[in-house]
Every structure is written in C-alpha cells, then in structure tokens.
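File shown here: start_6.tsv, holding TSV, C-alpha atoms.
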```
chain	number	residue	atom	x	y	z
A	1	MET	CA	53.82	8.79	67.85
A	2	GLY	CA	57.48	9.56	68.30
A	3	ASP	CA	57.95	6.47	70.47
A	4	ILE	CA	56.25	4.26	67.88
A	5	LEU	CA	58.48	5.65	65.16
A	6	LYS	CA	61.56	5.17	67.29
A	7	SER	CA	60.67	1.61	68.14
A	8	LEU	CA	60.28	0.89	64.42
A	9	GLY	CA	63.75	2.25	63.85
A	10	PHE	CA	62.84	5.63	62.39
A	11	GLU	CA	65.75	8.06	62.25
A	12	PHE	CA	65.35	11.55	60.90
A	13	PRO	CA	68.82	11.85	59.23
A	14	LYS	CA	68.12	8.69	57.24
A	15	PHE	CA	64.75	10.12	56.25
A	16	LEU	CA	66.41	13.30	55.01
A	17	TRP	CA	69.09	11.36	53.17
A	18	GLN	CA	66.46	9.37	51.34
A	19	ILE	CA	64.50	12.45	50.29
A	20	VAL	CA	67.62	14.10	48.90
A	21	ASN	CA	68.74	10.92	47.14
A	22	PHE	CA	65.33	10.29	45.68
A	23	LEU	CA	64.87	13.81	44.38
A	24	PHE	CA	68.34	13.65	42.86
A	25	LEU	CA	67.51	10.33	41.17
A	26	LEU	CA	64.22	11.77	39.92
A	27	PHE	CA	66.05	14.77	38.46
A	28	ILE	CA	68.69	12.59	36.77
A	29	LEU	CA	66.26	10.05	35.35
A	30	LYS	CA	63.96	12.77	34.09
A	31	LYS	CA	66.86	14.27	32.22
A	32	ILE	CA	68.56	11.19	30.81
A	33	ALA	CA	65.79	8.60	30.69
A	34	TYR	CA	62.19	9.77	30.54
A	35	LYS	CA	62.56	12.87	28.44
A	36	PRO	CA	64.77	11.46	25.65
A	37	ILE	CA	62.94	8.14	25.56
A	38	LEU	CA	59.48	9.70	25.44
A	39	THR	CA	60.69	12.10	22.77
A	40	MET	CA	62.08	9.18	20.81
A	41	LEU	CA	58.84	7.22	21.22
A	42	ASP	CA	56.84	10.22	20.04
A	43	GLU	CA	59.14	10.71	17.09
A	44	ARG	CA	58.94	7.07	16.16
A	45	LYS	CA	55.18	7.11	16.50
A	46	LYS	CA	54.99	10.16	14.28
A	47	SER	CA	57.33	8.71	11.70
A	48	ILE	CA	55.33	5.49	11.63
A	49	GLU	CA	52.13	7.46	11.24
A	50	ASP	CA	53.73	9.49	8.46
A	51	ALA	CA	54.96	6.34	6.76
A	52	ILE	CA	51.50	4.80	6.96
A	53	SER	CA	49.78	7.90	5.62
A	54	ASN	CA	52.42	8.18	2.88
A	55	ALA	CA	51.86	4.57	1.90
A	56	GLU	CA	48.14	5.23	1.94
A	57	SER	CA	48.43	8.25	-0.34
A	58	ALA	CA	50.87	6.44	-2.63
A	59	LYS	CA	48.38	3.62	-2.90
A	60	ASN	CA	45.62	6.11	-3.69
A	61	ASP	CA	47.82	7.75	-6.33
A	62	ALA	CA	48.59	4.40	-7.89
A	63	GLU	CA	44.91	3.57	-7.90
A	64	LYS	CA	44.09	6.90	-9.54
A	65	MET	CA	46.79	6.35	-12.15
A	66	ARG	CA	45.57	2.86	-12.84
A	67	LYS	CA	42.05	4.16	-13.37
A	68	GLU	CA	43.34	6.89	-15.66
A	69	TYR	CA	45.35	4.42	-17.69
A	70	GLU	CA	42.42	2.09	-17.90
A	71	SER	CA	40.15	4.83	-19.16
A	72	ARG	CA	42.83	5.93	-21.62
A	73	LEU	CA	43.27	2.38	-22.79
A	74	ALA	CA	39.52	2.07	-23.27
A	75	GLU	CA	39.54	5.34	-25.22
A	76	ALA	CA	42.39	4.14	-27.39
A	77	LYS	CA	40.61	0.88	-28.04
A	78	GLN	CA	37.48	2.71	-29.03
A	79	GLU	CA	39.46	5.00	-31.28
A	80	ALA	CA	41.15	2.03	-32.92
A	81	GLN	CA	37.75	0.44	-33.42
A	82	GLU	CA	36.50	3.62	-35.03
A	83	ILE	CA	39.53	3.84	-37.30
A	84	ILE	CA	39.08	0.24	-38.38
A	85	ALA	CA	35.38	0.81	-38.99
A	86	LYS	CA	36.14	3.91	-41.01
A	87	ALA	CA	38.79	2.10	-43.04
A	88	THR	CA	36.47	-0.81	-43.65
A	89	LYS	CA	33.75	1.54	-44.81
A	90	LEU	CA	36.18	3.37	-47.05
A	91	GLY	CA	37.44	0.09	-48.49
A	92	GLU	CA	33.89	-0.99	-49.10
A	93	GLU	CA	33.16	2.23	-50.95
A	94	VAL	CA	36.31	1.95	-53.03
A	95	LYS	CA	35.43	-1.61	-53.86
A	96	LYS	CA	31.94	-0.59	-54.88
A	97	ASP	CA	33.32	2.21	-57.04
A	98	ILE	CA	35.78	-0.10	-58.71
A	99	VAL	CA	33.13	-2.69	-59.38
A	100	THR	CA	30.74	-0.09	-60.73
A	101	ASN	CA	33.45	1.39	-62.95
A	102	ALA	CA	34.46	-2.02	-64.16
A	103	GLN	CA	30.87	-2.89	-64.95
A	104	ALA	CA	30.38	0.36	-66.85
A	105	GLU	CA	33.62	-0.18	-68.68
A	106	ALA	CA	32.59	-3.71	-69.58
A	107	THR	CA	29.21	-2.55	-70.75
A	108	LYS	CA	30.87	0.07	-72.89
A	109	ALA	CA	33.30	-2.46	-74.35
A	110	ILE	CA	30.49	-4.83	-75.16
A	111	GLN	CA	28.57	-2.04	-76.78
A	112	ARG	CA	31.61	-1.05	-78.79
A	113	ALA	CA	32.16	-4.61	-79.85
A	114	GLN	CA	28.54	-4.98	-80.89
A	115	GLU	CA	28.76	-1.80	-82.90
A	116	GLU	CA	31.93	-3.08	-84.50
A	117	ILE	CA	30.29	-6.38	-85.27
A	118	GLY	CA	27.32	-4.56	-86.76
A	119	ARG	CA	29.55	-2.52	-88.95
A	120	GLU	CA	31.59	-5.51	-90.00
A	121	LYS	CA	28.37	-7.34	-90.79
A	122	ASP	CA	27.11	-4.48	-92.93
A	123	GLN	CA	30.41	-4.33	-94.74
A	124	ALA	CA	30.40	-8.06	-95.29
A	125	ILE	CA	26.85	-7.93	-96.57
A	126	ALA	CA	27.77	-5.10	-99.00
A	127	ALA	CA	30.83	-6.97	-100.22
A	128	LEU	CA	28.77	-10.11	-100.60
A	129	ARG	CA	26.21	-8.21	-102.61
A	130	ASP	CA	28.86	-6.96	-105.01
A	131	GLU	CA	30.32	-10.39	-105.36
A	132	VAL	CA	26.93	-12.00	-105.89
A	133	ALA	CA	26.04	-9.40	-108.52
A	134	THR	CA	29.24	-9.94	-110.40
A	135	LEU	CA	28.78	-13.68	-110.28
A	136	ALA	CA	25.21	-13.39	-111.42
A	137	ILE	CA	26.16	-11.21	-114.38
A	138	MET	CA	28.90	-13.54	-115.37
A	139	ALA	CA	26.51	-16.41	-115.21
A	140	ALA	CA	23.83	-14.53	-117.10
A	141	GLY	CA	26.37	-13.44	-119.75
A	142	LYS	CA	27.35	-16.98	-120.26
A	143	VAL	CA	23.73	-17.98	-120.62
A	144	LEU	CA	22.89	-15.13	-122.97
A	145	GLY	CA	26.00	-15.54	-124.95
A	146	LYS	CA	26.93	-12.02	-124.82
A	147	THR	CA	28.35	-9.71	-122.39
A	148	ILE	CA	26.76	-6.65	-121.22
A	149	SER	CA	28.67	-3.58	-120.47
A	150	VAL	CA	29.85	-3.10	-117.05
A	151	GLU	CA	27.64	-0.04	-116.62
A	152	ASP	CA	24.51	-1.82	-117.63
A	153	HIS	CA	25.44	-4.66	-115.61
A	154	LYS	CA	25.88	-2.55	-112.50
A	155	LYS	CA	22.60	-0.87	-113.03
A	156	LEU	CA	20.85	-4.15	-113.37
A	157	VAL	CA	22.37	-5.54	-110.22
A	158	ASP	CA	21.56	-2.48	-108.23
A	159	GLU	CA	17.96	-2.62	-109.29
A	160	PHE	CA	17.81	-6.22	-108.36
A	161	VAL	CA	19.48	-5.73	-105.05
A	162	THR	CA	17.19	-2.92	-104.13
A	163	GLU	CA	14.27	-5.13	-104.87
A	164	VAL	CA	15.68	-8.05	-103.00
A	165	GLY	CA	17.08	-5.84	-100.22
A	166	ASP	CA	13.67	-4.70	-99.35
A	167	LEU	CA	12.77	-8.29	-98.75
A	168	LYS	CA	15.31	-8.51	-95.96
A	169	CYS	CA	17.98	-11.13	-96.10
B	1	MET	CA	66.36	-5.41	67.07
B	2	HIS	CA	68.18	-4.62	63.87
B	3	HIS	CA	71.31	-6.67	63.43
B	4	GLY	CA	73.70	-6.06	60.62
B	5	PRO	CA	76.34	-3.48	59.93
B	6	VAL	CA	76.70	-0.65	62.42
B	7	ASP	CA	75.10	2.63	61.38
B	8	PRO	CA	76.34	5.09	60.40
B	9	LEU	CA	79.12	3.49	58.40
B	10	PHE	CA	81.23	6.60	58.85
B	11	ASN	CA	80.88	10.30	59.41
B	12	LEU	CA	81.94	12.67	56.70
B	13	ALA	CA	83.34	15.87	58.08
B	14	ILE	CA	81.98	18.90	56.29
B	15	PRO	CA	84.87	21.31	55.74
B	16	GLY	CA	84.59	24.61	57.60
B	17	THR	CA	81.98	23.38	60.06
B	18	ASN	CA	81.85	21.18	63.09
B	19	TYR	CA	79.10	19.10	61.59
B	20	HIS	CA	79.70	15.54	60.46
B	21	LEU	CA	77.54	14.10	57.74
B	22	PRO	CA	76.57	10.56	58.69
B	23	ILE	CA	76.95	8.15	55.80
B	24	TYR	CA	74.65	5.23	56.50
B	25	ASN	CA	74.99	1.77	55.06
B	26	PHE	CA	71.76	2.07	53.10
B	27	VAL	CA	72.99	5.33	51.56
B	28	ILE	CA	75.81	3.41	49.89
B	29	THR	CA	73.34	0.80	48.62
B	30	SER	CA	71.04	3.60	47.50
B	31	TRP	CA	73.85	5.21	45.59
B	32	VAL	CA	74.66	1.91	43.89
B	33	ILE	CA	71.02	1.53	42.87
B	34	MET	CA	70.92	5.11	41.65
B	35	PHE	CA	74.14	4.58	39.76
B	36	ILE	CA	72.82	1.40	38.09
B	37	LEU	CA	69.64	3.18	36.99
B	38	ALA	CA	71.39	6.34	35.85
B	39	PHE	CA	74.27	4.56	34.13
B	40	THR	CA	72.05	2.16	32.16
B	41	ALA	CA	69.74	5.04	31.28
B	42	TRP	CA	72.74	7.05	30.13
B	43	LEU	CA	73.96	4.12	28.01
B	44	ALA	CA	70.47	3.72	26.58
B	45	THR	CA	69.97	7.34	25.63
B	46	LYS	CA	73.43	8.71	24.86
B	47	ASN	CA	73.15	7.59	21.25
B	48	MET	CA	69.54	6.79	20.55
B	49	LYS	CA	68.66	5.06	17.34
B	50	ARG	CA	65.38	4.94	15.55
B	51	LEU	CA	65.64	1.16	15.53
B	52	PRO	CA	66.31	0.44	19.20
B	53	GLN	CA	68.94	-2.09	20.17
B	54	GLY	CA	70.15	-3.67	23.39
B	55	ILE	CA	69.93	-1.42	26.43
B	56	GLN	CA	67.95	1.23	24.56
B	57	ASN	CA	65.31	-1.39	23.91
B	58	VAL	CA	65.20	-2.34	27.60
B	59	TRP	CA	64.79	1.25	28.77
B	60	GLU	CA	62.25	2.02	26.07
B	61	TYR	CA	60.28	-1.02	27.17
B	62	ILE	CA	60.41	0.11	30.81
B	63	VAL	CA	59.39	3.70	30.07
B	64	GLU	CA	56.73	2.78	27.54
B	65	GLY	CA	55.29	0.14	29.87
B	66	LEU	CA	55.18	2.36	32.95
B	67	PHE	CA	53.92	5.46	31.18
B	68	GLY	CA	51.37	3.36	29.31
B	69	PHE	CA	50.14	1.99	32.63
B	70	PHE	CA	49.87	5.47	34.17
B	71	GLY	CA	48.24	6.70	30.96
B	72	GLY	CA	45.58	4.02	31.33
B	73	MET	CA	44.84	5.26	34.84
B	74	MET	CA	44.89	9.03	34.42
B	75	GLY	CA	45.10	9.73	30.70
B	76	GLU	CA	48.14	10.33	28.56
B	77	ASP	CA	48.55	14.04	29.35
B	78	ARG	CA	48.65	13.60	33.11
B	79	ALA	CA	50.83	10.50	32.78
B	80	ARG	CA	53.39	12.66	30.99
B	81	LYS	CA	53.35	15.14	33.90
B	82	TYR	CA	53.34	12.80	36.87
B	83	GLY	CA	54.86	9.71	35.22
B	84	PRO	CA	58.50	10.65	35.94
B	85	PHE	CA	57.85	10.77	39.70
B	86	LEU	CA	55.81	7.57	39.73
B	87	ALA	CA	58.17	5.67	37.44
B	88	THR	CA	61.13	6.67	39.60
B	89	CYS	CA	59.25	5.41	42.67
B	90	PHE	CA	58.65	2.09	40.99
B	91	LEU	CA	62.17	1.58	39.66
B	92	TYR	CA	63.87	2.66	42.87
B	93	ILE	CA	61.66	0.52	45.09
B	94	LEU	CA	61.92	-2.48	42.76
B	95	LEU	CA	65.71	-2.44	42.68
B	96	SER	CA	65.85	-1.72	46.38
B	97	ASN	CA	63.60	-4.69	47.11
B	98	TYR	CA	65.60	-6.94	44.83
B	99	SER	CA	68.85	-5.85	46.44
B	100	GLY	CA	67.54	-7.64	49.55
B	101	LEU	CA	67.55	-10.92	47.64
B	102	ILE	CA	71.27	-10.80	47.04
B	103	PRO	CA	73.05	-12.96	49.62
B	104	GLY	CA	74.81	-10.84	52.19
B	105	ALA	CA	72.19	-8.11	52.18
B	106	ALA	CA	71.97	-6.39	55.58
B	107	MET	CA	75.11	-8.22	56.71
B	108	ILE	CA	77.88	-6.67	54.65
B	109	LYS	CA	79.04	-3.11	55.38
B	110	GLY	CA	77.46	-0.64	53.02
B	111	PHE	CA	74.90	-3.14	51.76
B	112	VAL	CA	71.52	-2.62	53.40
B	113	PRO	CA	68.39	-2.71	51.22
B	114	PRO	CA	66.95	0.81	51.61
B	115	THR	CA	63.31	-0.28	51.58
B	116	SER	CA	63.83	-2.53	54.61
B	117	ASN	CA	64.16	0.58	56.76
B	118	VAL	CA	61.11	2.52	57.90
B	119	SER	CA	62.98	5.83	57.66
B	120	ILE	CA	63.42	5.26	53.94
B	121	THR	CA	59.93	3.98	53.16
B	122	GLY	CA	58.68	6.84	55.31
B	123	ALA	CA	60.64	9.29	53.20
B	124	LEU	CA	59.18	7.81	50.01
B	125	ALA	CA	55.66	7.94	51.48
B	126	ILE	CA	56.12	11.55	52.58
B	127	LEU	CA	57.30	12.39	49.06
B	128	VAL	CA	54.11	10.85	47.71
B	129	PHE	CA	52.09	12.76	50.33
B	130	LEU	CA	53.75	16.05	49.37
B	131	SER	CA	53.47	15.30	45.66
B	132	ILE	CA	49.71	14.88	46.06
B	133	PHE	CA	49.53	18.45	47.37
B	134	TYR	CA	52.13	19.76	44.93
B	135	PHE	CA	50.54	18.23	41.83
B	136	GLY	CA	47.02	18.92	43.11
B	137	ILE	CA	47.65	22.61	43.71
B	138	ARG	CA	49.58	22.96	40.48
B	139	ALA	CA	46.73	21.38	38.51
B	140	LYS	CA	43.75	23.01	40.24
B	141	GLY	CA	45.06	25.90	42.33
B	142	PHE	CA	43.26	26.33	45.62
B	143	GLY	CA	40.36	24.39	44.18
B	144	PHE	CA	42.41	21.40	45.21
B	145	PHE	CA	41.44	21.94	48.86
B	146	LYS	CA	37.77	21.81	47.99
B	147	HIS	CA	37.72	18.05	48.11
B	148	PHE	CA	38.50	18.15	51.84
B	149	PHE	CA	35.04	19.59	52.40
B	150	GLN	CA	33.18	17.19	50.16
B	151	PRO	CA	30.66	15.80	50.08
B	152	MET	CA	29.91	17.81	53.25
B	153	ALA	CA	31.91	20.41	55.12
B	154	PHE	CA	31.81	18.69	58.50
B	155	LEU	CA	33.58	15.68	56.96
B	156	PHE	CA	36.73	17.79	56.80
B	157	ILE	CA	38.30	16.04	59.79
B	158	LEU	CA	37.60	12.62	58.31
B	159	ASN	CA	39.01	13.63	54.94
B	160	LEU	CA	42.10	15.05	56.59
B	161	ILE	CA	42.69	11.86	58.55
B	162	GLU	CA	42.26	9.83	55.38
B	163	GLU	CA	44.86	12.00	53.66
B	164	LEU	CA	47.29	11.69	56.58
B	165	VAL	CA	46.87	7.95	56.91
B	166	ARG	CA	47.96	7.39	53.35
B	167	PRO	CA	51.69	7.97	53.86
B	168	VAL	CA	51.62	5.93	57.06
B	169	SER	CA	50.03	2.93	55.35
B	170	LEU	CA	52.27	3.32	52.31
B	171	SER	CA	55.47	3.40	54.31
B	172	LEU	CA	54.57	0.68	56.82
B	173	ARG	CA	53.33	-1.71	54.16
B	174	LEU	CA	56.51	-1.44	52.14
B	175	TYR	CA	58.83	-1.49	55.13
B	176	GLY	CA	57.07	-4.41	56.81
B	177	ASN	CA	57.06	-6.58	53.72
B	178	VAL	CA	60.64	-6.00	52.72
B	179	TYR	CA	62.03	-6.12	56.25
B	180	GLY	CA	60.11	-9.30	57.04
B	181	GLU	CA	61.19	-11.02	53.89
B	182	GLU	CA	64.78	-9.98	54.31
B	183	THR	CA	64.78	-11.20	57.91
B	184	ILE	CA	63.32	-14.57	56.96
B	185	ILE	CA	65.84	-15.08	54.18
B	186	GLY	CA	68.63	-14.00	56.51
B	187	GLU	CA	67.60	-16.31	59.36
B	188	LEU	CA	66.97	-19.26	57.04
B	189	GLY	CA	70.34	-18.66	55.47
B	190	LYS	CA	71.98	-18.73	58.86
B	191	MET	CA	70.32	-22.01	59.80
B	192	VAL	CA	70.54	-23.88	56.48
B	193	PRO	CA	72.61	-21.93	53.99
B	194	LEU	CA	71.92	-24.28	51.08
B	195	LEU	CA	68.67	-24.73	49.11
B	196	VAL	CA	66.27	-24.04	51.99
B	197	PRO	CA	66.18	-20.24	51.53
B	198	LEU	CA	65.62	-20.77	47.80
B	199	PRO	CA	61.78	-21.01	47.83
B	200	MET	CA	61.70	-17.93	50.04
B	201	MET	CA	63.92	-16.11	47.59
B	202	VAL	CA	61.65	-17.09	44.69
B	203	LEU	CA	58.76	-15.71	46.69
B	204	GLY	CA	60.92	-12.65	47.35
B	205	VAL	CA	61.25	-12.01	43.62
B	206	LEU	CA	57.48	-12.03	43.34
B	207	LEU	CA	56.89	-9.96	46.48
B	208	GLY	CA	59.56	-7.41	45.60
B	209	ALA	CA	57.79	-6.65	42.33
B	210	ILE	CA	54.34	-6.74	43.92
B	211	GLN	CA	55.31	-4.31	46.69
B	212	ALA	CA	56.93	-1.90	44.24
B	213	PHE	CA	53.84	-2.17	42.07
B	214	VAL	CA	51.39	-1.68	44.93
B	215	PHE	CA	53.24	1.37	46.24
B	216	THR	CA	53.33	2.93	42.76
B	217	LEU	CA	49.74	2.00	41.99
B	218	LEU	CA	48.46	3.61	45.20
B	219	ALA	CA	50.61	6.69	44.65
B	220	SER	CA	49.25	7.05	41.12
B	221	THR	CA	45.63	6.67	42.24
B	222	TYR	CA	46.21	9.35	44.90
B	223	ILE	CA	47.79	11.71	42.39
B	224	ALA	CA	45.14	10.93	39.77
B	225	GLY	CA	42.44	11.68	42.35
B	226	ALA	CA	44.09	14.93	43.42
B	227	THR	CA	44.47	16.23	39.87
B	228	GLU	CA	41.15	15.10	38.45
B	229	GLU	CA	39.46	17.81	36.41
B	230	HIS	CA	35.81	17.52	37.34
B	231	HIS	CA	34.25	18.64	40.67
```
Please go through the file and, once you have read it, give me the structure as structure tokens.
Amino acid sequence: MGDILKSLGFEFPKFLWQIVNFLFLLFILKKIAYKPILTMLDERKKSIEDAISNAESAKNDAEKMRKEYESRLAEAKQEAQEIIAKATKLGEEVKKDIVTNAQAEATKAIQRAQEEIGREKDQAIAALRDEVATLAIMAAGKVLGKTISVEDHKKLVDEFVTEVGDLKC
Amino acid sequence: MHHGPVDPLFNLAIPGTNYHLPIYNFVITSWVIMFILAFTAWLATKNMKRLPQGIQNVWEYIVEGLFGFFGGMMGEDRARKYGPFLATCFLYILLSNYSGLIPGAAMIKGFVPPTSNVSITGALAILVFLSIFYFGIRAKGFGFFKHFFQPMAFLFILNLIEELVRPVSLSLRLYGNVYGEETIIGELGKMVPLLVPLPMMVLGVLLGAIQAFVFTLLASTYIAGATEEHH
C-alpha cells in the first residue's frame, strides 16, 4: 500500500497541507459566502412572499370595497327610485285634489250664477208685470174715456195678474 | 516521473524550533485559488443589496445553484448543514482543475494545479471519508454504525471495505483525470505550441467541470446516505 502510494507521488506533508488549507477555506467561505448569501436569499424569499401576500390581501380588500360600494350604490338607486315614486304619488294626489276642488268650485259658481239668473228673471218678470199693468190701464183709460184712480187701477191689475199668473207665463 | 518545478519551493523556518515548514509549489497555487474565492466572496457580501448586482449576483447564483442541487438530493434542511462542505469541495476542485488549463501550469515555480497531485486529491477524499463519519454520527449518534451490519451482520467486512474504497476511488479518479489532462496539454504544448493543444484545452474545460461535479456528487450521495433518517 505504501509503495503504491509512493509510486503515485503521495507525500504526507502535502496531504497535511491540503487538509489544513481546505479546512481554512471552508471556514472562511462559510463565514463570508454561504452564511450571508443564504441569509440574504432567505430574506429576499420572505420579502417576496410578504409582498405577494400583501398584494393578495390588498386585492381582496379592494374587491370587498368594490362590492360594498356596489351594494351601497344599488341601495342609493333604490332609495332614489322610492323617493321619485313617493313624489310622483304625492304630485298625483295634489293634482287630484286641485282638480276636485276646482270642479267643486266651478259647480258652486255655476249654481250661484243660476240662482242669480233665477232671481234676475223673477225681478224682470215682476217689473214687466208692473209695466204691463200700467200700460194696460192707460190703454183702458183711453178706451173708457176716463181715468180710474191709481188705487183702483192697482187693485184691478193685481187681480188680473193673479189670475193670469196662475196660468203660468 | 513528475517534471516541473522542484518541490518544495522553499522551506520556511519556524522560529524557536529546528523544524522547517516545506512550502510546496501547489500550496502557493492553492493559496491563490483560496484568495480568489475568498476575495470575490468578500466583495460580494461586504455590502449586500436586496437587488443583487455584479459580483453579488455571481456568488448568489453559485450558492443558490449548488445548495439547490444538494437540496434536491437530500432535502433543504440537510443541504443547509452539509452544503458548505460540499460547495467548498466543488469550488476548490473546479478552480484547481481550471488552473491546469492556464499555460505554464506545472512548469512555472509556485504554479502547480493542486488536483493533479494524488496527495491533494487524497486529502480531499479523506476529508470526505471523515465527513461521512462526522456528519453521520452527528445526525444519528451511534445509530450511524448500524448500517455496517445491514442487511446482515456478517456483511460487516464487505460494508467496511465498501466504505474504505470510497476515498481511494474518489482521490484516484480526480488525480488521474487532472494529471493526465495536464500532462497531455503540457506535452502537446511542447511539441506544437500553437493551435494543436486547443481542442485538448476545450476538452479540459469540460472535464474540469465534470470531475469537480462527479467528486461533489459522490461526496453528497455518501453524506446523504450516512445521514438518512429512516432505518
């Protein structure tokens, strides 16, 4: 074994040198390469994971907010619809009231006017009667050649009118 | 058998003792590789930004890729535990293999690709061998040794041999490939310095990555097997 090693060029001091050098290199690289780099990689991985989960939650929040706003908007729309419906109904009622009032008012006015007309008619008829009576007496006086007293005259006319009045003009 | 710069390059006297520390050529190359890895890693991580740029991006890509690969084999948790060792294996072997592609490798003083030497690949393989026991015992306690007696107790010897062969095959495979390739490029370069070594170097780029990958892949399957939760 020793001869084989020697013929291959194996020398124990070189072997020892290499072990020392290698362990030293391992120590150094562990300290200044592997540890800081792995830590950095872990940190970066974590920060990327955090960023992704943050983005995810932000997206969820936005989605939630959007839904909330949508539902609020729908509510507001419905409310507006209700308000409009209420206002329309109210307007309709007011309109109906006004029309009804106006109709009643008109009916009343017509009634009043008819009453007035009736009264005027009665008055006119009475005045006409007087006039007719006077004219008749004057005419009769002329025919008879004499005048009758106003009192007689009135009495006569009234009798006549009552008779005729019952006959309806 | 091994031409190239004379080893050791020089001997460093340790103050207060008679002992001289041999500084080999490959040790210098190894230090350069270690420096390149450590310096770029330091540049990449000294001021890390959430949005990576330049060298930080490169190192993040390397670490994420390697750890992701180990994670696919043994799960993320175990990849975090054993990834540093495996990733260091891969990066060191890759750069070491690629250093052999640079003209002048194994000819200039202080520039010998470490993985072309069996002492170095042997050291890496022994580290893998020991890490199997270390990680296995740490993960499962003495339950780790149970698998030596499975599926039947008398297979213990066979299991032990299998375990011991692993570092041998790991080290020889890596050493043989890199040394062979480096020798071919070197010899071709000596004969026809222009263009002819080029296809071999292109192949070397591929093989350097494949060998680093194979070594790391086998090491990670061994460690994954040793630390597996069930049975």
(request) Measuring atom to atom with all atoms listed in the file, identify which of A:Ser7, A:Thr162, A:Ser47, A:Gln18 is nearest to chain B. (result)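 Ranking A:Ser7, A:Thr162, A:Ser47, A:Gln18 by distance to chain B, first place goes to A:Gln18.
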(request) Can you work out the spacing between atom CA of Glu43 of chain A and atom CA of Arg50 of chain B in Å, to one decimal? (result) 8.6 Å
Per-residue nearest contacts chain A to chain B, cut-off 10 Å, using only C-alpha atoms, as a Markdown table:
```
| residue | atom | partner | partner_atom | distance |
| --- | --- | --- | --- | --- |
| A:Leu5 | CA | B:Val118 | CA | 8.3 |
| A:Lys6 | CA | B:Ser119 | CA | 9.8 |
| A:Ser7 | CA | B:Met1 | CA | 9.1 |
| A:Leu8 | CA | B:Val118 | CA | 6.8 |
| A:Gly9 | CA | B:Val118 | CA | 6.5 |
| A:Phe10 | CA | B:Ser119 | CA | 4.7 |
| A:Glu11 | CA | B:Ser119 | CA | 5.8 |
| A:Phe12 | CA | B:Ser119 | CA | 7.0 |
| A:Pro13 | CA | B:Pro22 | CA | 7.9 |
| A:Lys14 | CA | B:Ser119 | CA | 5.9 |
| A:Phe15 | CA | B:Ser119 | CA | 4.9 |
| A:Leu16 | CA | B:Ala123 | CA | 7.3 |
| A:Trp17 | CA | B:Val27 | CA | 7.4 |
| A:Gln18 | CA | B:Ile120 | CA | 5.7 |
| A:Ile19 | CA | B:Ala123 | CA | 5.8 |
| A:Val20 | CA | B:Ala123 | CA | 9.5 |
| A:Asn21 | CA | B:Ser30 | CA | 7.7 |
| A:Phe22 | CA | B:Leu124 | CA | 7.9 |
| A:Leu23 | CA | B:Phe85 | CA | 9.0 |
| A:Phe24 | CA | B:Met34 | CA | 9.0 |
| A:Leu25 | CA | B:Met34 | CA | 6.3 |
| A:Leu26 | CA | B:Thr88 | CA | 6.0 |
| A:Phe27 | CA | B:Pro84 | CA | 9.0 |
| A:Ile28 | CA | B:Ala38 | CA | 6.9 |
| A:Leu29 | CA | B:Ala38 | CA | 6.4 |
| A:Lys30 | CA | B:Pro84 | CA | 6.1 |
| A:Lys31 | CA | B:Trp42 | CA | 9.5 |
| A:Ile32 | CA | B:Trp42 | CA | 5.9 |
| A:Ala33 | CA | B:Ala41 | CA | 5.4 |
| A:Tyr34 | CA | B:Pro84 | CA | 6.6 |
| A:Lys35 | CA | B:Pro84 | CA | 8.8 |
| A:Pro36 | CA | B:Thr45 | CA | 6.6 |
| A:Ile37 | CA | B:Glu60 | CA | 6.2 |
| A:Leu38 | CA | B:Val63 | CA | 7.6 |
| A:Met40 | CA | B:Arg50 | CA | 7.5 |
| A:Leu41 | CA | B:Glu60 | CA | 7.9 |
| A:Glu43 | CA | B:Arg50 | CA | 8.6 |
| A:Arg44 | CA | B:Arg50 | CA | 6.8 |
| A:Ser47 | CA | B:Arg50 | CA | 9.7 |
```
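Picture a line from atom CA of Ala226 of chain B to atom CA of Leu130 of chain B; it runs 11.4 Å.
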Contacts of Met201 of chain B within 10 Å, all atoms listed in the file, excl. fewer than 6 positions in-chain, as a compact mmCIF listing (two decimals) with C-alpha atoms, in the frame of the given file:
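And here's selection.txt as it stands now:
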```txt
# COMPACT_ATOMS: atom_id res chain seq x y z
CA TYR B 98 65.60 -6.94 44.83
CA GLY B 100 67.54 -7.64 49.55
CA LEU B 101 67.55 -10.92 47.64
CA ILE B 102 71.27 -10.80 47.04
CA PRO B 103 73.05 -12.96 49.62
CA GLU B 181 61.19 -11.02 53.89
CA GLU B 182 64.78 -9.98 54.31
CA ILE B 184 63.32 -14.57 56.96
CA ILE B 185 65.84 -15.08 54.18
CA LEU B 195 68.67 -24.73 49.11
CA LEU B 207 56.89 -9.96 46.48
CA GLY B 208 59.56 -7.41 45.60
```
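Those residues that approach Val150 of chain A to within 12 Å, counting only C-alpha atoms, are Ala133, Thr134, Ile137, Met138, Gly141, Thr147, His153, Lys154, Lys155, Leu156 and Val157 of chain A; same-chain residues fewer than 3 positions away are not listed.
Pairwise distance (atom CA of Val128 of chain B, atom CA of Leu9 of chain B) equals 28.2 Å.
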(request) Around the point (45.2, 14.6, 43.6), in the coordinates given by the file, pick out the residues reaching within 10 Å, counting only C-alpha atoms, and return them as a PyMOL selection string. (result) chain B and resi 129+131-140+144-145+147+219-229
(request) Using all atoms listed in the file, determine which residues lie at most 8 Å from Leu174 of chain B, disregarding the query and same-chain residues fewer than 4 positions distant; provide the list as a list in words. (result)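 That gives Thr115, Ser116, Thr121, Leu170, Val178, Gln211, Ala212 and Phe215 of chain B.
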